[in-house]
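Here is the file input02.cif (mmCIF, N, CA and C atoms).
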```cif
data_model
#
loop_
_atom_site.label_atom_id
_atom_site.label_comp_id
_atom_site.auth_asym_id
_atom_site.auth_seq_id
_atom_site.Cartn_x
_atom_site.Cartn_y
_atom_site.Cartn_z
N MET A 1215 25.89 -4.67 1.55
CA MET A 1215 27.08 -5.46 1.78
C MET A 1215 26.82 -6.49 2.87
N SER A 1216 27.33 -7.66 2.68
CA SER A 1216 27.17 -8.73 3.64
C SER A 1216 28.32 -8.70 4.64
N ASN A 1217 27.98 -8.91 5.92
CA ASN A 1217 29.01 -8.97 6.97
C ASN A 1217 29.48 -10.39 7.21
N TYR A 1218 28.97 -11.34 6.44
CA TYR A 1218 29.31 -12.74 6.63
C TYR A 1218 30.29 -13.18 5.55
N PRO A 1219 31.43 -13.71 5.95
CA PRO A 1219 32.38 -14.18 4.94
C PRO A 1219 31.77 -15.32 4.11
N GLY A 1220 32.02 -15.28 2.84
CA GLY A 1220 31.53 -16.33 1.96
C GLY A 1220 30.12 -16.10 1.45
N HIS A 1221 29.44 -15.05 1.91
CA HIS A 1221 28.10 -14.75 1.41
C HIS A 1221 28.20 -13.79 0.24
N GLN A 1222 27.33 -13.97 -0.69
CA GLN A 1222 27.37 -13.21 -1.93
C GLN A 1222 26.10 -12.36 -2.05
N VAL A 1223 26.26 -11.10 -2.35
CA VAL A 1223 25.11 -10.23 -2.56
C VAL A 1223 24.46 -10.60 -3.89
N VAL A 1224 23.18 -10.92 -3.86
CA VAL A 1224 22.46 -11.32 -5.06
C VAL A 1224 21.87 -10.10 -5.76
N TYR A 1225 21.40 -9.14 -4.98
CA TYR A 1225 20.83 -7.92 -5.54
C TYR A 1225 21.04 -6.78 -4.57
N GLN A 1226 21.37 -5.62 -5.10
CA GLN A 1226 21.48 -4.42 -4.28
C GLN A 1226 20.90 -3.27 -5.07
N CYS A 1227 19.94 -2.58 -4.48
CA CYS A 1227 19.28 -1.46 -5.15
C CYS A 1227 20.28 -0.32 -5.35
N ASP A 1228 20.19 0.31 -6.51
CA ASP A 1228 21.01 1.46 -6.82
C ASP A 1228 20.72 2.57 -5.79
N HIS A 1229 21.77 3.22 -5.30
CA HIS A 1229 21.62 4.25 -4.27
C HIS A 1229 20.70 5.38 -4.73
N HIS A 1230 20.84 5.82 -5.97
CA HIS A 1230 19.99 6.90 -6.50
C HIS A 1230 18.53 6.46 -6.56
N LEU A 1231 18.29 5.23 -6.99
CA LEU A 1231 16.92 4.71 -7.06
C LEU A 1231 16.32 4.62 -5.66
N ALA A 1232 17.09 4.13 -4.68
CA ALA A 1232 16.60 4.03 -3.31
C ALA A 1232 16.23 5.41 -2.76
N HIS A 1233 17.06 6.41 -3.06
CA HIS A 1233 16.78 7.78 -2.62
C HIS A 1233 15.50 8.31 -3.28
N THR A 1234 15.33 8.05 -4.57
CA THR A 1234 14.14 8.49 -5.29
C THR A 1234 12.89 7.81 -4.74
N MET A 1235 12.98 6.52 -4.42
CA MET A 1235 11.84 5.79 -3.85
C MET A 1235 11.46 6.36 -2.49
N LYS A 1236 12.46 6.71 -1.68
CA LYS A 1236 12.17 7.31 -0.36
C LYS A 1236 11.48 8.65 -0.53
N GLN A 1237 11.92 9.46 -1.49
CA GLN A 1237 11.27 10.74 -1.74
C GLN A 1237 9.81 10.53 -2.18
N HIS A 1238 9.58 9.53 -3.03
CA HIS A 1238 8.22 9.22 -3.49
C HIS A 1238 7.34 8.82 -2.31
N LYS A 1239 7.86 7.96 -1.43
CA LYS A 1239 7.12 7.50 -0.26
C LYS A 1239 6.79 8.68 0.67
N ASP A 1240 7.75 9.56 0.89
CA ASP A 1240 7.52 10.73 1.74
C ASP A 1240 6.47 11.66 1.13
N LYS A 1241 6.53 11.85 -0.17
CA LYS A 1241 5.57 12.71 -0.86
C LYS A 1241 4.16 12.11 -0.79
N ALA A 1242 4.05 10.80 -0.98
CA ALA A 1242 2.75 10.12 -0.88
C ALA A 1242 2.20 10.26 0.54
N TYR A 1243 3.06 10.09 1.54
CA TYR A 1243 2.61 10.22 2.94
C TYR A 1243 2.06 11.62 3.21
N ARG A 1244 2.79 12.63 2.78
CA ARG A 1244 2.33 14.02 3.01
C ARG A 1244 1.00 14.28 2.31
N ALA A 1245 0.80 13.68 1.14
CA ALA A 1245 -0.42 13.92 0.37
C ALA A 1245 -1.64 13.24 0.99
N ILE A 1246 -1.45 12.11 1.67
CA ILE A 1246 -2.61 11.35 2.15
C ILE A 1246 -2.75 11.29 3.66
N LYS A 1247 -1.85 11.89 4.41
CA LYS A 1247 -1.90 11.76 5.87
C LYS A 1247 -3.19 12.31 6.48
N ASP A 1248 -3.84 13.25 5.81
CA ASP A 1248 -5.08 13.83 6.34
C ASP A 1248 -6.33 13.26 5.67
N MET A 1249 -6.22 12.14 5.00
CA MET A 1249 -7.36 11.54 4.30
C MET A 1249 -8.05 10.43 5.08
N VAL A 1250 -7.75 10.27 6.36
CA VAL A 1250 -8.38 9.23 7.16
C VAL A 1250 -9.89 9.44 7.15
N ASN A 1251 -10.62 8.34 6.99
CA ASN A 1251 -12.09 8.30 6.90
C ASN A 1251 -12.63 8.87 5.60
N ARG A 1252 -11.78 9.04 4.61
CA ARG A 1252 -12.23 9.52 3.30
C ARG A 1252 -12.24 8.35 2.33
N LYS A 1253 -13.22 8.36 1.42
CA LYS A 1253 -13.32 7.31 0.39
C LYS A 1253 -12.41 7.70 -0.77
N VAL A 1254 -11.58 6.74 -1.22
CA VAL A 1254 -10.59 7.02 -2.26
C VAL A 1254 -10.54 5.88 -3.27
N ARG A 1255 -9.95 6.18 -4.42
CA ARG A 1255 -9.58 5.18 -5.41
C ARG A 1255 -8.06 5.23 -5.50
N ILE A 1256 -7.43 4.07 -5.38
CA ILE A 1256 -5.97 3.97 -5.39
C ILE A 1256 -5.55 3.20 -6.64
N GLN A 1257 -4.55 3.70 -7.34
CA GLN A 1257 -3.93 2.96 -8.43
C GLN A 1257 -2.47 2.72 -8.05
N THR A 1258 -2.02 1.48 -8.20
CA THR A 1258 -0.64 1.14 -7.85
C THR A 1258 0.23 1.15 -9.10
N VAL A 1259 1.53 1.04 -8.90
CA VAL A 1259 2.45 1.01 -10.03
C VAL A 1259 2.27 -0.24 -10.87
N ASP A 1260 1.60 -1.26 -10.32
CA ASP A 1260 1.32 -2.49 -11.07
C ASP A 1260 -0.04 -2.44 -11.75
N ASP A 1261 -0.62 -1.24 -11.86
CA ASP A 1261 -1.93 -1.01 -12.50
C ASP A 1261 -3.08 -1.71 -11.79
N GLU A 1262 -2.96 -1.98 -10.51
CA GLU A 1262 -4.08 -2.49 -9.73
C GLU A 1262 -4.86 -1.28 -9.21
N VAL A 1263 -6.18 -1.41 -9.15
CA VAL A 1263 -7.03 -0.32 -8.68
C VAL A 1263 -7.86 -0.82 -7.52
N TYR A 1264 -7.89 -0.04 -6.42
CA TYR A 1264 -8.66 -0.37 -5.24
C TYR A 1264 -9.52 0.83 -4.87
N GLU A 1265 -10.73 0.56 -4.39
CA GLU A 1265 -11.58 1.62 -3.87
C GLU A 1265 -11.94 1.24 -2.45
N GLY A 1266 -11.90 2.23 -1.57
CA GLY A 1266 -12.25 1.97 -0.19
C GLY A 1266 -12.07 3.21 0.64
N THR A 1267 -12.12 3.03 1.94
CA THR A 1267 -11.99 4.12 2.89
C THR A 1267 -10.65 4.03 3.60
N VAL A 1268 -9.94 5.14 3.65
CA VAL A 1268 -8.64 5.19 4.34
C VAL A 1268 -8.90 5.08 5.84
N MET A 1269 -8.32 4.06 6.45
CA MET A 1269 -8.50 3.85 7.88
C MET A 1269 -7.33 4.43 8.69
N LYS A 1270 -6.14 4.37 8.11
CA LYS A 1270 -4.93 4.82 8.82
C LYS A 1270 -3.84 5.03 7.79
N VAL A 1271 -2.90 5.93 8.10
CA VAL A 1271 -1.72 6.14 7.28
C VAL A 1271 -0.53 6.28 8.22
N ASP A 1272 0.54 5.54 7.93
CA ASP A 1272 1.78 5.76 8.67
C ASP A 1272 2.89 5.97 7.64
N PHE A 1273 4.14 5.98 8.08
CA PHE A 1273 5.23 6.31 7.16
C PHE A 1273 5.54 5.22 6.14
N LYS A 1274 4.91 4.04 6.28
CA LYS A 1274 5.18 2.95 5.35
C LYS A 1274 3.94 2.49 4.59
N PHE A 1275 2.77 2.54 5.24
CA PHE A 1275 1.57 1.96 4.65
C PHE A 1275 0.36 2.89 4.72
N LEU A 1276 -0.54 2.67 3.77
CA LEU A 1276 -1.88 3.22 3.80
C LEU A 1276 -2.78 2.02 4.06
N TYR A 1277 -3.64 2.11 5.07
CA TYR A 1277 -4.54 1.01 5.42
C TYR A 1277 -5.92 1.34 4.87
N LEU A 1278 -6.36 0.55 3.89
CA LEU A 1278 -7.58 0.81 3.16
C LEU A 1278 -8.63 -0.23 3.51
N SER A 1279 -9.80 0.22 3.94
CA SER A 1279 -10.92 -0.68 4.20
C SER A 1279 -11.64 -0.92 2.88
N VAL A 1280 -11.67 -2.18 2.45
CA VAL A 1280 -12.32 -2.55 1.18
C VAL A 1280 -13.43 -3.55 1.47
N GLU A 1281 -14.46 -3.51 0.64
CA GLU A 1281 -15.58 -4.42 0.79
C GLU A 1281 -15.15 -5.84 0.44
N ILE A 1282 -15.58 -6.81 1.22
CA ILE A 1282 -15.24 -8.21 0.97
C ILE A 1282 -15.82 -8.67 -0.36
N GLY A 1283 -16.97 -8.17 -0.74
CA GLY A 1283 -17.61 -8.58 -1.98
C GLY A 1283 -16.83 -8.24 -3.22
N GLU A 1284 -15.88 -7.31 -3.12
CA GLU A 1284 -15.07 -6.94 -4.28
C GLU A 1284 -14.00 -8.00 -4.49
N SER A 1285 -13.78 -8.39 -5.74
CA SER A 1285 -12.75 -9.38 -6.02
C SER A 1285 -11.37 -8.75 -5.98
N ARG A 1286 -11.30 -7.43 -6.15
CA ARG A 1286 -10.00 -6.77 -6.10
C ARG A 1286 -9.54 -6.69 -4.65
N GLY A 1287 -8.23 -6.61 -4.46
CA GLY A 1287 -7.69 -6.40 -3.14
C GLY A 1287 -7.18 -7.66 -2.46
N PHE A 1288 -7.28 -8.80 -3.12
CA PHE A 1288 -6.80 -10.03 -2.52
C PHE A 1288 -5.86 -10.72 -3.48
N TYR A 1289 -4.89 -11.43 -2.94
CA TYR A 1289 -3.97 -12.17 -3.78
C TYR A 1289 -4.71 -13.31 -4.46
N PRO A 1290 -4.29 -13.70 -5.65
CA PRO A 1290 -4.96 -14.80 -6.35
C PRO A 1290 -5.09 -16.04 -5.46
N GLY A 1291 -6.27 -16.60 -5.45
CA GLY A 1291 -6.49 -17.79 -4.65
C GLY A 1291 -6.83 -17.52 -3.20
N PHE A 1292 -6.74 -16.26 -2.75
CA PHE A 1292 -7.04 -15.95 -1.35
C PHE A 1292 -8.40 -15.30 -1.26
N TYR A 1293 -9.29 -15.93 -0.56
CA TYR A 1293 -10.60 -15.35 -0.30
C TYR A 1293 -10.85 -15.50 1.20
N PRO A 1294 -11.08 -14.42 1.89
CA PRO A 1294 -11.28 -14.54 3.34
C PRO A 1294 -12.55 -15.33 3.64
N PRO A 1295 -12.57 -16.04 4.76
CA PRO A 1295 -13.77 -16.80 5.10
C PRO A 1295 -14.94 -15.84 5.34
N PHE A 1296 -16.13 -16.29 4.99
CA PHE A 1296 -17.31 -15.46 5.16
C PHE A 1296 -17.59 -15.25 6.64
N ASN A 1297 -17.81 -14.03 7.03
CA ASN A 1297 -18.19 -13.70 8.39
C ASN A 1297 -19.32 -12.69 8.29
N PRO A 1298 -20.53 -13.04 8.73
CA PRO A 1298 -21.66 -12.13 8.56
C PRO A 1298 -21.53 -10.85 9.37
N TYR A 1299 -20.60 -10.81 10.32
CA TYR A 1299 -20.43 -9.61 11.15
C TYR A 1299 -19.50 -8.58 10.52
N TYR A 1300 -18.75 -8.99 9.51
CA TYR A 1300 -17.81 -8.08 8.87
C TYR A 1300 -18.08 -8.03 7.37
N SER A 1301 -18.22 -6.83 6.84
CA SER A 1301 -18.46 -6.70 5.41
C SER A 1301 -17.24 -6.13 4.69
N SER A 1302 -16.16 -5.88 5.44
CA SER A 1302 -14.95 -5.34 4.82
C SER A 1302 -13.71 -5.87 5.53
N VAL A 1303 -12.57 -5.71 4.87
CA VAL A 1303 -11.27 -6.06 5.44
C VAL A 1303 -10.34 -4.88 5.25
N ILE A 1304 -9.27 -4.85 6.02
CA ILE A 1304 -8.27 -3.80 5.92
C ILE A 1304 -7.14 -4.30 5.05
N LEU A 1305 -6.86 -3.55 3.99
CA LEU A 1305 -5.80 -3.90 3.04
C LEU A 1305 -4.64 -2.92 3.23
N PRO A 1306 -3.46 -3.39 3.68
CA PRO A 1306 -2.30 -2.48 3.78
C PRO A 1306 -1.64 -2.33 2.41
N LEU A 1307 -1.45 -1.09 1.98
CA LEU A 1307 -0.78 -0.81 0.71
C LEU A 1307 0.50 -0.03 1.01
N ALA A 1308 1.62 -0.49 0.45
CA ALA A 1308 2.90 0.18 0.66
C ALA A 1308 2.90 1.54 -0.03
N LEU A 1309 3.33 2.57 0.66
CA LEU A 1309 3.31 3.92 0.10
C LEU A 1309 4.14 4.04 -1.17
N PHE A 1310 5.29 3.35 -1.23
CA PHE A 1310 6.14 3.48 -2.42
C PHE A 1310 5.52 2.83 -3.64
N ASP A 1311 4.45 2.04 -3.44
CA ASP A 1311 3.80 1.32 -4.52
C ASP A 1311 2.62 2.11 -5.12
N LEU A 1312 2.29 3.25 -4.54
CA LEU A 1312 1.13 4.01 -4.98
C LEU A 1312 1.48 4.91 -6.15
N LEU A 1313 0.62 4.90 -7.16
CA LEU A 1313 0.83 5.71 -8.35
C LEU A 1313 -0.12 6.90 -8.36
N ALA A 1314 -1.40 6.67 -8.04
CA ALA A 1314 -2.38 7.75 -8.05
C ALA A 1314 -3.40 7.52 -6.94
N ILE A 1315 -3.85 8.61 -6.33
CA ILE A 1315 -4.87 8.58 -5.30
C ILE A 1315 -5.93 9.60 -5.68
N THR A 1316 -7.17 9.17 -5.75
CA THR A 1316 -8.27 10.05 -6.13
C THR A 1316 -9.32 10.04 -5.04
N LEU A 1317 -9.74 11.22 -4.59
CA LEU A 1317 -10.83 11.30 -3.63
C LEU A 1317 -12.14 11.00 -4.34
N LEU A 1318 -12.99 10.20 -3.71
CA LEU A 1318 -14.32 9.89 -4.25
C LEU A 1318 -15.35 10.61 -3.40
N LEU A 1319 -16.36 11.13 -4.03
CA LEU A 1319 -17.41 11.85 -3.30
C LEU A 1319 -18.50 10.92 -2.86
#
```

Would you put the structure from the file into structure tokens?
Amino acid sequence: MSNYPGHQVVYQCDHHLAHTMKQHKDKAYRAIKDMVNRKVRIQTVDDEVYEGTVMKVDFKFLYLSVEIGESRGFYPGFYPPFNPYYSSVILPLALFDLLAITLLL
């Protein structure tokens, strides 16, 4: 709801859906909170797949270290500048967007 007179709500998430998304995010957090420094494969709800090492997990994001040489993990048209001192970047992934997490050996 808008507190400003004359403003119109364009979209509002269904209360049940918002509750379900929060439960999904909490479940994902509990499943991966102890995976720091582990190599994983992540699949998102948009069918994107990332492989890398979990650097950090908080209540909103999983921070995944991915190799710069991989084309996955960057928005179209975005390529980080080459830096010979760094071979990877940290990719933040929203917990509610995660579909599957697989440990890699």

Per-residue DSSP, chain A, filtered to strand (DSSP E or B), as a ChimeraX atom specification:
/A:1253-1258,1263-1271,1275-1281,1302-1308,1312-1317

How far is it from atom CA of Ser1301 of chain A to atom CA of Ile1315 of chain A, in Å with one decimal?
23.1 Å

Within 7 Å of Met1249 of chain A, counting all atoms listed in the file, which residues show up once you throw out same-chain ones fewer than 3 positions away? Write them as a ChimeraX atom specification, please.
/A:1245-1246,1252-1253,1268-1269

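Running DSSP on the backbone and keeping only helix (DSSP H, G or I), the residues of segment 1223-1260 of chain A that qualify are His1229, His1230, Leu1231, Ala1232, His1233, Thr1234, Met1235, Lys1236, Gln1237, His1238, Lys1239, Asp1240, Lys1241, Ala1242, Tyr1243, Arg1244, Ala1245 and Ile1246 of chain A.
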
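Comparing A:Val1224, A:Leu1312, A:His1238, A:Leu1319 by their smallest distance to Asp1260 of chain A, the closest is A:Leu1312 (using all atoms listed in the file).
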
Pull the neighbourhood of (-8.7, -0.6, 0.4) for me: all residues within 6 Å in file coordinates, counting only N, CA and C atoms, as a list in words.
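Here the neighbourhood of the point contains Tyr1264, Glu1265, Gly1266, Thr1267, Tyr1277, Leu1278, Ser1279, Val1280 and Leu1305 of chain A.
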
Work out how far apart atom CA of Arg1244 of chain A and atom CA of Lys1274 of chain A are and give it in Å to one decimal.
11.7 Å

Quick one, how far is atom N of Arg1255 of chain A from atom N of Lys1236 of chain A?
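About the pair atom N of Arg1255 of chain A and atom N of Lys1236 of chain A: they are 22.6 Å apart.
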
Would you mind listing what lies within 8 Å of Asp1240 of chain A as a list in words, with all atoms listed in the file counted and same-chain residues fewer than 5 positions away left out?
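These residues fall inside the cut-off: Thr1234, Met1235, Ala1245, Ile1246, Phe1273, Leu1309 and Phe1310 of chain A.
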
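Remark: for Pro1306 of chain A, the closest of the candidate residues A:Cys1227, A:His1221, A:Asp1261, A:Phe1275 is A:Phe1275 (distances computed over all atoms listed in the file).
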
Given the choices A:Val1223, A:Val1263, A:Leu1317, A:Val1303, which gets closest to Glu1281 of chain A if the distance is worked out from all atoms listed in the file?
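Counting all atoms listed in the file, the residue closest to Glu1281 of chain A is A:Val1303.
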